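A.B. asks: Below is the file target-v3.cif, with mmCIF, C-alpha atoms and all ligand atoms.
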```cif
data_protein
loop_
_atom_site.label_atom_id
_atom_site.label_comp_id
_atom_site.auth_asym_id
_atom_site.auth_seq_id
_atom_site.Cartn_x
_atom_site.Cartn_y
_atom_site.Cartn_z
CA MET Y 1 101.11 74.58 122.90
CA HIS Y 2 103.44 76.38 125.32
CA TYR Y 3 103.06 80.07 124.63
CA LEU Y 4 105.76 82.06 126.43
CA ASP Y 5 105.70 85.24 124.35
CA ASN Y 6 103.19 87.25 126.37
CA SER Y 7 105.16 90.49 126.16
CA ALA Y 8 104.56 90.41 122.40
CA THR Y 9 100.85 89.82 122.87
CA THR Y 10 98.45 87.76 124.97
CA LYS Y 11 95.57 85.40 124.33
CA VAL Y 12 92.28 87.26 124.77
CA LEU Y 13 90.52 86.37 128.02
CA LYS Y 14 87.20 84.57 127.50
CA SER Y 15 85.35 87.21 129.57
CA SER Y 16 86.94 89.95 127.47
CA ALA Y 17 86.00 88.23 124.18
CA ASP Y 18 82.43 87.74 125.49
CA ALA Y 19 82.14 91.45 126.28
CA SER Y 20 83.35 92.28 122.79
CA MET Y 21 80.94 89.84 121.14
CA GLU Y 22 78.00 91.14 123.18
CA THR Y 23 78.82 94.68 122.09
CA MET Y 24 79.19 93.69 118.45
CA ILE Y 25 75.92 91.83 118.07
CA THR Y 26 73.63 93.16 120.79
CA SER Y 27 74.63 96.54 122.25
CA PHE Y 28 76.07 97.84 119.01
CA ALA Y 29 74.63 101.36 118.77
CA ASN Y 30 76.86 104.39 118.21
CA PRO Y 31 77.37 106.10 121.59
CA SER Y 32 76.86 109.49 119.87
CA SER Y 33 73.39 108.53 118.54
CA LEU Y 34 70.62 110.44 120.22
CA HIS Y 35 68.07 107.59 120.46
CA SER Y 36 67.73 105.46 123.58
CA PHE Y 37 69.73 102.58 122.02
CA GLY Y 38 72.64 104.99 121.47
CA TYR Y 39 72.19 106.37 124.97
CA GLN Y 40 72.70 102.83 126.34
CA SER Y 41 76.01 102.62 124.42
CA SER Y 42 77.10 105.99 125.80
CA LYS Y 43 76.36 104.64 129.29
CA ASN Y 44 78.48 101.56 128.54
CA LEU Y 45 81.30 103.81 127.31
CA LEU Y 46 81.15 105.84 130.51
CA GLN Y 47 81.15 102.69 132.59
CA ALA Y 48 84.23 101.36 130.75
CA ARG Y 49 86.00 104.68 131.31
CA GLU Y 50 85.07 104.61 135.01
CA THR Y 51 86.37 101.04 135.33
CA ILE Y 52 89.76 101.90 133.80
CA ALA Y 53 90.01 105.14 135.81
CA LYS Y 54 89.36 103.21 139.03
CA THR Y 55 92.21 100.77 138.32
CA MET Y 56 94.58 103.76 138.20
CA ASN Y 57 92.95 105.89 140.94
CA VAL Y 58 92.31 108.77 138.55
CA SER Y 59 89.22 110.72 137.45
CA THR Y 60 87.00 109.35 134.71
CA ASN Y 61 87.59 112.29 132.39
CA GLU Y 62 91.36 111.77 132.57
CA ILE Y 63 91.09 108.58 130.46
CA ILE Y 64 91.13 108.74 126.63
CA PHE Y 65 90.55 105.56 124.63
CA THR Y 66 92.95 105.03 121.72
CA SER Y 67 93.88 102.28 119.25
CA GLY Y 68 96.71 101.01 121.50
CA GLY Y 69 100.08 101.74 123.04
CA THR Y 70 101.65 103.24 119.93
CA GLU Y 71 98.87 105.78 119.39
CA SER Y 72 98.81 106.71 123.08
CA ILE Y 73 102.57 107.29 123.07
CA ASN Y 74 102.45 109.35 119.85
CA THR Y 75 99.60 111.48 121.21
CA ALA Y 76 101.40 111.98 124.53
CA ILE Y 77 104.83 112.91 123.14
CA LEU Y 78 103.74 115.01 120.16
CA GLY Y 79 100.97 116.64 122.22
CA ALA Y 80 103.35 117.45 125.08
CA ALA Y 81 106.03 118.84 122.74
CA HIS Y 82 103.51 121.11 121.02
CA HIS Y 83 101.95 122.22 124.30
CA MET Y 84 105.34 123.14 125.80
CA LYS Y 85 107.06 124.61 122.74
CA ARG Y 86 107.32 128.13 124.15
CA TYR Y 87 109.26 126.85 127.19
CA GLY Y 88 112.00 124.96 125.34
CA LYS Y 89 112.85 122.15 122.96
CA HIS Y 90 114.74 119.65 125.09
CA ILE Y 91 113.43 116.13 125.74
CA ILE Y 92 114.85 113.34 127.90
CA THR Y 93 114.21 109.69 127.14
CA THR Y 94 116.20 106.44 127.33
CA GLU Y 95 118.00 104.29 124.80
CA ILE Y 96 115.87 101.28 125.75
CA GLU Y 97 112.43 102.68 124.86
CA HIS Y 98 110.02 100.95 122.51
CA SER Y 99 110.19 102.11 118.88
CA ALA Y 100 106.87 103.92 119.40
CA THR Y 101 108.79 106.36 121.61
CA LEU Y 102 112.15 106.33 119.84
CA ASN Y 103 110.70 107.01 116.39
CA THR Y 104 108.40 109.73 117.74
CA VAL Y 105 111.22 111.65 119.44
CA LYS Y 106 113.33 111.14 116.31
CA LYS Y 107 110.57 112.86 114.34
CA LEU Y 108 110.74 115.76 116.80
CA GLU Y 109 114.54 115.92 116.40
CA GLY Y 110 113.85 116.55 112.70
CA GLN Y 111 111.75 119.55 113.79
CA GLY Y 112 114.56 121.11 115.86
CA TYR Y 113 113.98 119.45 119.24
CA ARG Y 114 117.05 118.14 121.09
CA VAL Y 115 116.82 114.74 122.72
CA SER Y 116 119.02 113.27 125.47
CA TYR Y 117 119.01 109.47 125.46
CA ILE Y 118 119.92 107.89 128.81
CA ARG Y 119 122.04 104.73 128.51
CA PRO Y 120 121.31 101.71 130.76
CA ASP Y 121 123.94 99.83 132.74
CA ILE Y 122 125.00 96.26 131.90
CA ASN Y 123 121.90 94.89 133.69
CA GLY Y 124 119.55 97.13 131.72
CA ASN Y 125 118.89 99.51 134.60
CA ILE Y 126 118.47 103.26 134.15
CA SER Y 127 119.90 105.51 136.85
CA ILE Y 128 117.92 108.44 138.24
CA LYS Y 129 121.27 110.28 138.66
CA ASP Y 130 121.81 110.16 134.88
CA ILE Y 131 118.36 111.62 134.31
CA GLN Y 132 118.97 114.31 136.92
CA ASN Y 133 122.25 115.23 135.18
CA GLU Y 134 120.42 115.79 131.88
CA LEU Y 135 117.57 117.86 133.33
CA ARG Y 136 117.87 121.49 132.19
CA GLN Y 137 115.91 124.71 132.35
CA ASP Y 138 114.62 124.15 128.80
CA THR Y 139 113.67 120.48 129.32
CA ILE Y 140 110.01 120.24 128.41
CA LEU Y 141 109.38 116.51 128.54
CA ILE Y 142 110.70 113.31 130.08
CA SER Y 143 109.31 110.19 128.40
CA CYS Y 144 110.26 106.88 129.89
CA MET Y 145 108.90 103.35 130.10
CA MET Y 146 107.98 101.76 133.43
CA VAL Y 147 109.05 98.21 132.49
CA ASN Y 148 111.26 97.34 129.55
CA ASN Y 149 109.60 94.96 127.08
CA GLU Y 150 112.77 92.98 126.29
CA THR Y 151 114.44 92.57 129.67
CA GLY Y 152 111.75 93.36 132.25
CA ALA Y 153 114.02 96.06 133.75
CA ILE Y 154 112.01 98.34 136.03
CA LEU Y 155 112.77 102.01 135.42
CA PRO Y 156 112.86 104.62 138.23
CA VAL Y 157 109.62 106.33 137.24
CA GLU Y 158 108.51 107.28 140.75
CA GLU Y 159 111.94 108.86 141.36
CA ILE Y 160 111.58 110.87 138.13
CA GLY Y 161 108.19 112.17 139.30
CA ASN Y 162 109.73 113.12 142.66
CA LEU Y 163 112.71 114.78 140.99
CA LEU Y 164 110.45 117.07 138.94
CA LYS Y 165 108.35 117.85 142.00
CA CYS Y 166 111.35 118.59 144.27
CA GLN Y 167 112.93 120.86 141.70
CA ASN Y 168 109.60 122.52 141.00
CA HIS Y 169 110.38 121.84 137.35
CA ASN Y 170 107.61 122.43 134.83
CA ALA Y 171 108.67 119.67 132.37
CA LEU Y 172 105.89 117.24 131.52
CA PHE Y 173 106.38 113.57 132.35
CA HIS Y 174 105.03 110.72 130.20
CA ILE Y 175 105.23 107.06 131.24
CA ASP Y 176 104.94 104.18 128.77
CA ALA Y 177 103.28 101.71 131.14
CA VAL Y 178 102.40 99.18 128.41
CA GLN Y 179 104.39 96.33 130.00
CA ALA Y 180 103.60 97.30 133.60
CA TYR Y 181 99.84 97.89 133.69
CA GLY Y 182 97.86 94.91 134.98
CA LYS Y 183 101.06 93.31 136.33
CA MET Y 184 102.06 95.85 138.96
CA ARG Y 185 100.24 98.82 140.49
CA VAL Y 186 100.18 101.79 138.16
CA PHE Y 187 98.92 104.95 139.85
CA PRO Y 188 99.72 108.10 137.82
CA LYS Y 189 99.19 110.47 140.78
CA THR Y 190 101.65 108.53 142.96
CA LEU Y 191 104.12 108.33 140.08
CA GLY Y 192 103.86 112.09 139.51
CA CYS Y 193 103.31 111.84 135.76
CA HIS Y 194 101.12 113.97 133.51
CA LEU Y 195 100.59 111.36 130.79
CA LEU Y 196 100.61 107.56 130.86
CA SER Y 197 100.07 105.03 128.05
CA ILE Y 198 98.62 101.53 128.22
CA SER Y 199 97.74 98.85 125.66
CA GLY Y 200 94.97 96.25 125.76
CA HIS Y 201 96.60 93.31 123.99
CA LYS Y 202 99.28 92.92 126.66
CA ILE Y 203 96.67 92.15 129.34
CA GLY Y 204 94.19 89.78 127.72
CA ALA Y 205 92.15 92.29 125.68
CA PRO Y 206 92.14 92.34 121.86
CA LYS Y 207 94.72 94.12 119.72
CA GLY Y 208 93.83 97.64 118.57
CA VAL Y 209 92.75 99.24 121.83
CA GLY Y 210 94.50 101.10 124.61
CA CYS Y 211 94.22 104.27 126.55
CA LEU Y 212 96.05 107.39 127.52
CA TYR Y 213 95.84 109.01 130.94
CA ILE Y 214 96.04 112.79 130.66
CA HIS Y 215 96.19 114.88 133.85
CA LYS Y 216 93.06 117.00 134.06
CA ASN Y 217 94.96 120.33 134.07
CA LEU Y 218 96.77 119.48 130.85
CA ASN Y 219 95.29 120.53 127.52
CA ILE Y 220 97.08 118.71 124.72
CA ASN Y 221 96.33 118.77 121.01
CA SER Y 222 94.62 115.89 119.26
CA LEU Y 223 96.47 113.74 116.71
CA ILE Y 224 93.20 112.66 115.12
CA THR Y 225 90.63 115.35 114.54
CA GLY Y 226 87.04 114.40 113.88
CA GLY Y 227 83.68 114.47 115.54
CA GLY Y 228 84.79 115.61 118.98
CA GLN Y 229 84.84 112.17 120.60
CA GLU Y 230 87.12 111.44 123.57
CA PHE Y 231 86.97 115.02 124.88
CA ASN Y 232 88.06 116.33 121.47
CA ILE Y 233 91.43 114.60 121.80
CA ARG Y 234 90.75 111.54 119.66
CA GLY Y 235 88.15 111.87 116.94
CA GLY Y 236 86.37 108.87 115.41
CA THR Y 237 83.51 106.63 116.46
CA GLU Y 238 84.62 104.81 119.58
CA ALA Y 239 85.67 101.14 119.01
CA MET Y 240 83.06 99.99 121.50
CA PRO Y 241 83.64 96.19 121.26
CA ASN Y 242 87.35 96.70 121.94
CA ILE Y 243 86.75 99.27 124.66
CA MET Y 244 84.29 97.03 126.52
CA ALA Y 245 86.73 94.12 126.18
CA LEU Y 246 89.57 96.29 127.53
CA SER Y 247 87.59 97.34 130.58
CA VAL Y 248 86.77 93.70 131.44
CA ALA Y 249 90.41 92.56 131.04
CA ALA Y 250 91.79 95.58 132.91
CA SER Y 251 89.56 95.15 135.92
CA TYR Y 252 90.21 91.38 136.03
CA ARG Y 253 94.00 91.77 135.81
CA CYS Y 254 94.19 94.74 138.21
CA ASP Y 255 91.98 93.00 140.82
CA ASN Y 256 94.39 90.04 140.85
CA ILE Y 257 97.79 91.74 140.74
CA ASP Y 258 99.03 90.37 144.10
CA VAL Y 259 98.03 86.76 143.58
CA ASN Y 260 99.30 86.76 140.01
CA TYR Y 261 102.54 88.40 141.06
CA SER Y 262 103.43 85.74 143.62
CA HIS Y 263 102.62 82.98 141.08
CA ILE Y 264 104.84 84.66 138.48
CA CYS Y 265 107.71 85.13 140.99
CA GLU Y 266 107.60 81.38 141.72
CA LEU Y 267 107.66 80.64 137.99
CA LYS Y 268 110.60 82.95 137.40
CA GLU Y 269 112.55 81.34 140.22
CA TYR Y 270 111.82 77.88 138.80
CA LEU Y 271 112.79 78.98 135.29
CA GLN Y 272 116.10 80.48 136.41
CA GLU Y 273 116.92 77.40 138.53
CA GLN Y 274 116.21 75.12 135.57
CA LEU Y 275 118.23 77.26 133.18
CA LYS Y 276 121.23 77.44 135.49
CA CYS Y 277 121.29 73.76 136.41
CA ASN Y 278 120.76 72.46 132.84
CA PHE Y 279 123.01 74.80 130.86
CA LYS Y 280 126.58 75.83 131.60
CA ASP Y 281 127.07 78.72 129.19
CA ILE Y 282 124.06 80.78 130.13
CA PHE Y 283 123.72 84.46 131.01
CA ILE Y 284 120.59 85.93 132.55
CA ASN Y 285 120.51 89.36 130.93
CA SER Y 286 118.42 91.37 133.38
CA PRO Y 287 118.56 89.63 136.73
CA ASP Y 288 116.48 92.18 138.71
CA GLY Y 289 113.73 92.73 136.14
CA LEU Y 290 109.98 92.29 136.62
CA SER Y 291 109.32 88.56 137.03
CA PHE Y 292 107.01 88.40 133.99
CA ILE Y 293 110.04 88.66 131.67
CA THR Y 294 113.32 86.70 131.61
CA ASN Y 295 115.92 87.46 128.98
CA PHE Y 296 118.85 85.07 128.70
CA SER Y 297 121.63 84.13 126.29
CA LEU Y 298 122.66 80.56 125.53
CA MET Y 299 126.13 81.18 124.18
CA GLY Y 300 126.92 79.74 120.77
CA CYS Y 301 123.25 79.18 119.82
CA LYS Y 302 121.73 81.66 117.37
CA SER Y 303 118.36 83.02 118.54
CA GLU Y 304 116.57 82.60 115.18
CA VAL Y 305 117.60 78.97 114.92
CA MET Y 306 116.53 78.27 118.51
CA LEU Y 307 113.15 79.92 117.84
CA ARG Y 308 112.61 77.56 114.91
CA ILE Y 309 113.61 74.45 116.85
CA LEU Y 310 111.55 75.44 119.90
CA GLY Y 311 108.60 76.04 117.58
CA GLU Y 312 108.85 72.39 116.48
CA PHE Y 313 108.33 71.48 120.14
CA GLY Y 314 105.29 73.78 120.37
CA VAL Y 315 107.22 76.28 122.52
CA TYR Y 316 106.89 79.93 121.52
CA VAL Y 317 109.32 82.52 122.85
CA SER Y 318 110.91 85.58 121.30
CA SER Y 319 114.37 86.76 120.35
CA GLY Y 320 113.53 90.29 121.53
CA SER Y 321 110.74 92.71 120.87
CA ALA Y 322 108.18 91.40 118.38
CA CYS Y 323 108.37 94.78 116.64
CA SER Y 324 112.12 94.52 115.94
CA LYS Y 325 111.51 91.59 113.52
CA GLY Y 326 114.88 89.87 113.57
CA LYS Y 327 117.07 93.00 113.86
CA PRO Y 328 119.67 92.84 116.66
CA SER Y 329 118.16 94.19 119.84
CA HIS Y 330 118.82 97.93 120.41
CA VAL Y 331 118.16 97.31 124.11
CA LEU Y 332 120.83 94.62 124.60
CA LYS Y 333 123.20 96.70 122.46
CA ALA Y 334 122.63 99.76 124.66
CA MET Y 335 123.41 97.58 127.70
CA GLY Y 336 126.82 96.92 126.14
CA LEU Y 337 126.41 93.15 125.79
CA SER Y 338 128.80 91.31 123.46
CA LYS Y 339 127.67 90.39 119.93
CA ASP Y 340 127.63 86.69 120.88
CA ARG Y 341 125.37 87.39 123.81
CA ILE Y 342 123.01 89.52 121.71
CA ASP Y 343 122.90 86.99 118.87
CA SER Y 344 121.96 84.18 121.27
CA ALA Y 345 119.39 86.05 123.39
CA LEU Y 346 115.90 84.71 124.03
CA ARG Y 347 113.02 86.37 125.85
CA VAL Y 348 110.56 84.28 127.85
CA SER Y 349 107.50 86.21 128.97
CA PHE Y 350 104.76 84.87 131.21
CA CYS Y 351 101.09 85.63 131.70
CA PRO Y 352 99.17 84.65 134.85
CA GLU Y 353 97.97 81.46 133.13
CA SER Y 354 101.57 80.24 132.46
CA ASN Y 355 102.70 77.22 134.47
CA LYS Y 356 105.64 74.92 135.25
CA ASP Y 357 104.73 72.57 132.37
CA ASP Y 358 105.47 75.43 129.98
CA ILE Y 359 108.91 75.83 131.55
CA ASP Y 360 109.59 72.07 131.46
CA ALA Y 361 108.70 72.03 127.74
CA LEU Y 362 111.01 75.00 127.16
CA ILE Y 363 113.92 73.24 128.90
CA ILE Y 364 113.40 70.05 126.82
CA GLY Y 365 113.33 72.18 123.66
CA LEU Y 366 116.48 74.08 124.68
CA LYS Y 367 118.35 70.82 125.36
CA HIS Y 368 117.43 69.77 121.86
CA CYS Y 369 118.69 73.11 120.50
CA ILE Y 370 122.05 72.61 122.20
CA LYS Y 371 122.33 69.06 120.85
CA THR Y 372 121.55 70.24 117.32
CA LEU Y 373 123.56 73.45 117.33
CA ARG Y 374 126.67 72.31 119.18
CA ARG Y 375 126.98 68.98 117.41
N1 LIG N 401 105.47 100.20 124.54
C1 LIG N 401 105.93 99.00 124.94
C2 LIG N 401 106.84 98.94 126.12
C3 LIG N 401 105.56 97.83 124.26
O1 LIG N 401 106.03 96.65 124.66
C4 LIG N 401 104.68 97.95 123.15
C5 LIG N 401 104.31 96.75 122.37
O2 LIG N 401 105.06 95.80 122.26
C6 LIG N 401 104.21 99.22 122.79
C7 LIG N 401 104.63 100.31 123.50
C8 LIG N 401 103.26 99.39 121.62
O3 LIG N 401 101.97 98.99 121.99
P1 LIG N 401 100.90 98.57 120.85
O4 LIG N 401 101.34 97.26 120.30
O5 LIG N 401 99.59 98.49 121.58
O6 LIG N 401 100.89 99.66 119.84
#
```
Produce structure tokens that represent the structure in this file.
C.D. replies:
Amino acid sequence: MHYLDNSATTKVLKSSADASMETMITSFANPSSLHSFGYQSSKNLLQARETIAKTMNVSTNEIIFTSGGTESINTAILGAAHHMKRYGKHIITTEIEHSATLNTVKKLEGQGYRVSYIRPDINGNISIKDIQNELRQDTILISCMMVNNETGAILPVEEIGNLLKCQNHNALFHIDAVQAYGKMRVFPKTLGCHLLSISGHKIGAPKGVGCLYIHKNLNINSLITGGGQEFNIRGGTEAMPNIMALSVAASYRCDNIDVNYSHICELKEYLQEQLKCNFKDIFINSPDGLSFITNFSLMGCKSEVMLRILGEFGVYVSSGSACSKGKPSHVLKAMGLSKDRIDSALRVSFCPESNKDDIDALIIGLKHCIKTLRR
């Protein structure tokens, strides 16, 4: 099998699965239980929180465990909007955000908030100037991804943090770092954000776990009320097997960012070379994106049909975000790409375990697609 859809989700690392299994069948006590068995679980929970905090250079009590990226993003945006409501009702985001962000700000629009959506350029890049032009006195929140999940475009998050600081602006800043964390350095204090979301299943941990960084001076409301867990921000018995698995995967991925990054850059170069020399009518849709993701269009070949044919060769890629389920990509549309280019777009996304054999298999599969579709 040649799995090249790692932006949709990743295979769980063996070490991460082992940590989960150990927690499920051996160290399974509730961390809130007062007996010594429960106390051991609460120590494990603290250790997992410390591990994640260390990967981001933040304090332990600034990390809240959640059920994943979507919950973190919802908590951040709705919490920030509620916290800041007396200062204004204007939010800035981009047109290329994940639906977890877009549908959450849409919900706020229904409650009287006004949202400015920044449009990307033809290469999928967002300009800091455009964000600066939208920033107003009553802006209370900027929510923006660090890396786009469909194109790999890297957004100017550090510049946004600097902009708010230079203007002494009191708007809150949330970063969706789901596609960046574990692949590049993600340090909230350097980025100047107040909130930052990550997800476990993009970095070799199981689905259903993630975390939210919340700056220690920020007091946001909980989405899920319950027994006071997670500093009263996220009620419910902690999903200890998932949390322990996340901490193992996070520390493994973050300890190896540099070595993984150079491997992935080599792979991306090889992939682009192979694509360009084997296919004439090809467009690389986000040439300067993070190397983990390559989005390209093979003109005249419909994405869904190519996905099916590639699947027969054991090659798994995506036509866009896994969440968009066959709908035309809102990201490529926002970039202003032609319908033909959107309809024939494929996303290849690597993980550190990907290799050149995967790319060779992809190229063989694509040649077969062309033969079948352009017959
Ligand atoms: N944000 C981005 C950029 C994503 O790619 C995803 C998942 O694809 C999410 C948020 C949602 O994360 P989760 O699947 O953990 O809810």
A.B. asks: Which one of Y:Lys280, Y:Lys54, Y:Lys216, Y:His174 sits closest to ligand LIG 401 (chain N) if you count all atoms listed in the file?
C.D. replies: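 The shortest atom-to-atom distance to ligand LIG 401 (chain N) comes from Y:His174.
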A.B. asks: Can you measure atom CA of Y:Ser67 to atom CA of Y:Met244 for me? One decimal in Å is fine.
C.D. replies: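 Between atom CA of Y:Ser67 and atom CA of Y:Met244 the gap works out to 13.1 Å.
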A.B. asks: For each of Y:Leu46, Y:Val348, Y:Met145, Y:Leu373, take the minimum atom-to-atom distance to ligand LIG 401 (chain N), counting all atoms listed in the file, then give the residue where this is smallest.
C.D. replies: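 The shortest atom-to-atom distance to ligand LIG 401 (chain N) comes from Y:Met145.
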A.B. asks: Between chain Y and ligand LIG 401 (chain N), at 7 Å or less, what are the per-residue closest atom pairs and their distances in Å? Count all atoms listed in the file, order by chain and rising residue number, and return it as JSON lines.
C.D. replies:
```
{"residue": "Y:Ser7", "atom": "CA", "partner": "N:LIG401", "partner_atom": "O1", "distance": 6.4}
{"residue": "Y:Ala8", "atom": "CA", "partner": "N:LIG401", "partner_atom": "O2", "distance": 5.4}
{"residue": "Y:Gly68", "atom": "CA", "partner": "N:LIG401", "partner_atom": "O5", "distance": 3.8}
{"residue": "Y:Gly69", "atom": "CA", "partner": "N:LIG401", "partner_atom": "O3", "distance": 3.5}
{"residue": "Y:Thr70", "atom": "CA", "partner": "N:LIG401", "partner_atom": "O6", "distance": 3.7}
{"residue": "Y:Glu71", "atom": "CA", "partner": "N:LIG401", "partner_atom": "O6", "distance": 6.5}
{"residue": "Y:Glu97", "atom": "CA", "partner": "N:LIG401", "partner_atom": "C2", "distance": 6.8}
{"residue": "Y:His98", "atom": "CA", "partner": "N:LIG401", "partner_atom": "N1", "distance": 5.0}
{"residue": "Y:Ala100", "atom": "CA", "partner": "N:LIG401", "partner_atom": "C7", "distance": 5.9}
{"residue": "Y:Met145", "atom": "CA", "partner": "N:LIG401", "partner_atom": "C2", "distance": 6.3}
{"residue": "Y:Val147", "atom": "CA", "partner": "N:LIG401", "partner_atom": "C2", "distance": 6.8}
{"residue": "Y:Asn148", "atom": "CA", "partner": "N:LIG401", "partner_atom": "C2", "distance": 5.8}
{"residue": "Y:Asn149", "atom": "CA", "partner": "N:LIG401", "partner_atom": "O1", "distance": 4.6}
{"residue": "Y:Asp176", "atom": "CA", "partner": "N:LIG401", "partner_atom": "N1", "distance": 5.8}
{"residue": "Y:Ala177", "atom": "CA", "partner": "N:LIG401", "partner_atom": "C2", "distance": 6.7}
{"residue": "Y:Val178", "atom": "CA", "partner": "N:LIG401", "partner_atom": "C1", "distance": 5.0}
{"residue": "Y:Gln179", "atom": "CA", "partner": "N:LIG401", "partner_atom": "C2", "distance": 5.3}
{"residue": "Y:Ser199", "atom": "CA", "partner": "N:LIG401", "partner_atom": "O5", "distance": 4.5}
{"residue": "Y:Gly200", "atom": "CA", "partner": "N:LIG401", "partner_atom": "O5", "distance": 6.6}
{"residue": "Y:His201", "atom": "CA", "partner": "N:LIG401", "partner_atom": "O5", "distance": 6.4}
{"residue": "Y:Lys207", "atom": "CA", "partner": "N:LIG401", "partner_atom": "O5", "distance": 6.8}
{"residue": "Y:Gly208", "atom": "CA", "partner": "N:LIG401", "partner_atom": "O5", "distance": 6.6}
{"residue": "Y:Val209", "atom": "CA", "partner": "N:LIG401", "partner_atom": "O5", "distance": 6.9}
{"residue": "Y:Gly210", "atom": "CA", "partner": "N:LIG401", "partner_atom": "O5", "distance": 6.5}
{"residue": "Y:Ser321", "atom": "CA", "partner": "N:LIG401", "partner_atom": "O2", "distance": 6.6}
{"residue": "Y:Ala322", "atom": "CA", "partner": "N:LIG401", "partner_atom": "O2", "distance": 6.6}
{"residue": "Y:Cys323", "atom": "CA", "partner": "N:LIG401", "partner_atom": "O2", "distance": 6.6}
```
A.B. asks: One number please: atom CA of Y:Asp255 to atom CA of Y:Thr51, in Å, one decimal.
C.D. replies: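 Interatomic distance here is 11.2 Å.
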A.B. asks: Do you know which residues lie at most 8 Å from (106.4, 79.2, 122.2), with coordinates as in the file and only C-alpha atoms counted, and could you write them as a PyMOL selection string?
C.D. replies: chain Y and resi 1-5+310-311+314-318+362
A.B. asks: So how far away is atom CA of Y:Ser16 from atom CA of Y:Ala153, in Å?
C.D. replies: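 So the two atoms, atom CA of Y:Ala153 and atom CA of Y:Ser16, lie 28.5 Å apart.
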A.B. asks: Rank Y:Leu271, Y:Lys85, Y:Asp138, Y:Ser143 by their smallest atom-to-atom distance to Y:Leu102, using all atoms listed in the file, and report the top residue only.
C.D. replies: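 That would be Y:Ser143, the residue with the smallest distance to Y:Leu102.
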A.B. asks: From (112.8, 100.1, 137.5), in the file's coordinates, out to 9 Å: which residues are reached, counting only C-alpha atoms? Answer as a PyMOL selection string.
C.D. replies: chain Y and resi 125-127+145-148+152-158+288-290
A.B. asks: Save out the residues we just selected, C-alpha atoms, as a PDB file, keeping the file's coordinate frame.
C.D. replies:
```pdb
ATOM      1  CA  ASN Y 125     118.890  99.510 134.600  1.00  0.00           C
ATOM      2  CA  ILE Y 126     118.470 103.260 134.150  1.00  0.00           C
ATOM      3  CA  SER Y 127     119.900 105.510 136.850  1.00  0.00           C
ATOM      4  CA  MET Y 145     108.900 103.350 130.100  1.00  0.00           C
ATOM      5  CA  MET Y 146     107.980 101.760 133.430  1.00  0.00           C
ATOM      6  CA  VAL Y 147     109.050  98.210 132.490  1.00  0.00           C
ATOM      7  CA  ASN Y 148     111.260  97.340 129.550  1.00  0.00           C
ATOM      8  CA  GLY Y 152     111.750  93.360 132.250  1.00  0.00           C
ATOM      9  CA  ALA Y 153     114.020  96.060 133.750  1.00  0.00           C
ATOM     10  CA  ILE Y 154     112.010  98.340 136.030  1.00  0.00           C
ATOM     11  CA  LEU Y 155     112.770 102.010 135.420  1.00  0.00           C
ATOM     12  CA  PRO Y 156     112.860 104.620 138.230  1.00  0.00           C
ATOM     13  CA  VAL Y 157     109.620 106.330 137.240  1.00  0.00           C
ATOM     14  CA  GLU Y 158     108.510 107.280 140.750  1.00  0.00           C
ATOM     15  CA  ASP Y 288     116.480  92.180 138.710  1.00  0.00           C
ATOM     16  CA  GLY Y 289     113.730  92.730 136.140  1.00  0.00           C
ATOM     17  CA  LEU Y 290     109.980  92.290 136.620  1.00  0.00           C
TER      18      LEU Y 290
END
```
A.B. asks: Between Y:Arg114, Y:Asn285, Y:Ile96, Y:Leu163, which has the minimum distance to Y:Ser338 (counting all atoms listed in the file)?
C.D. replies: Y:Asn285
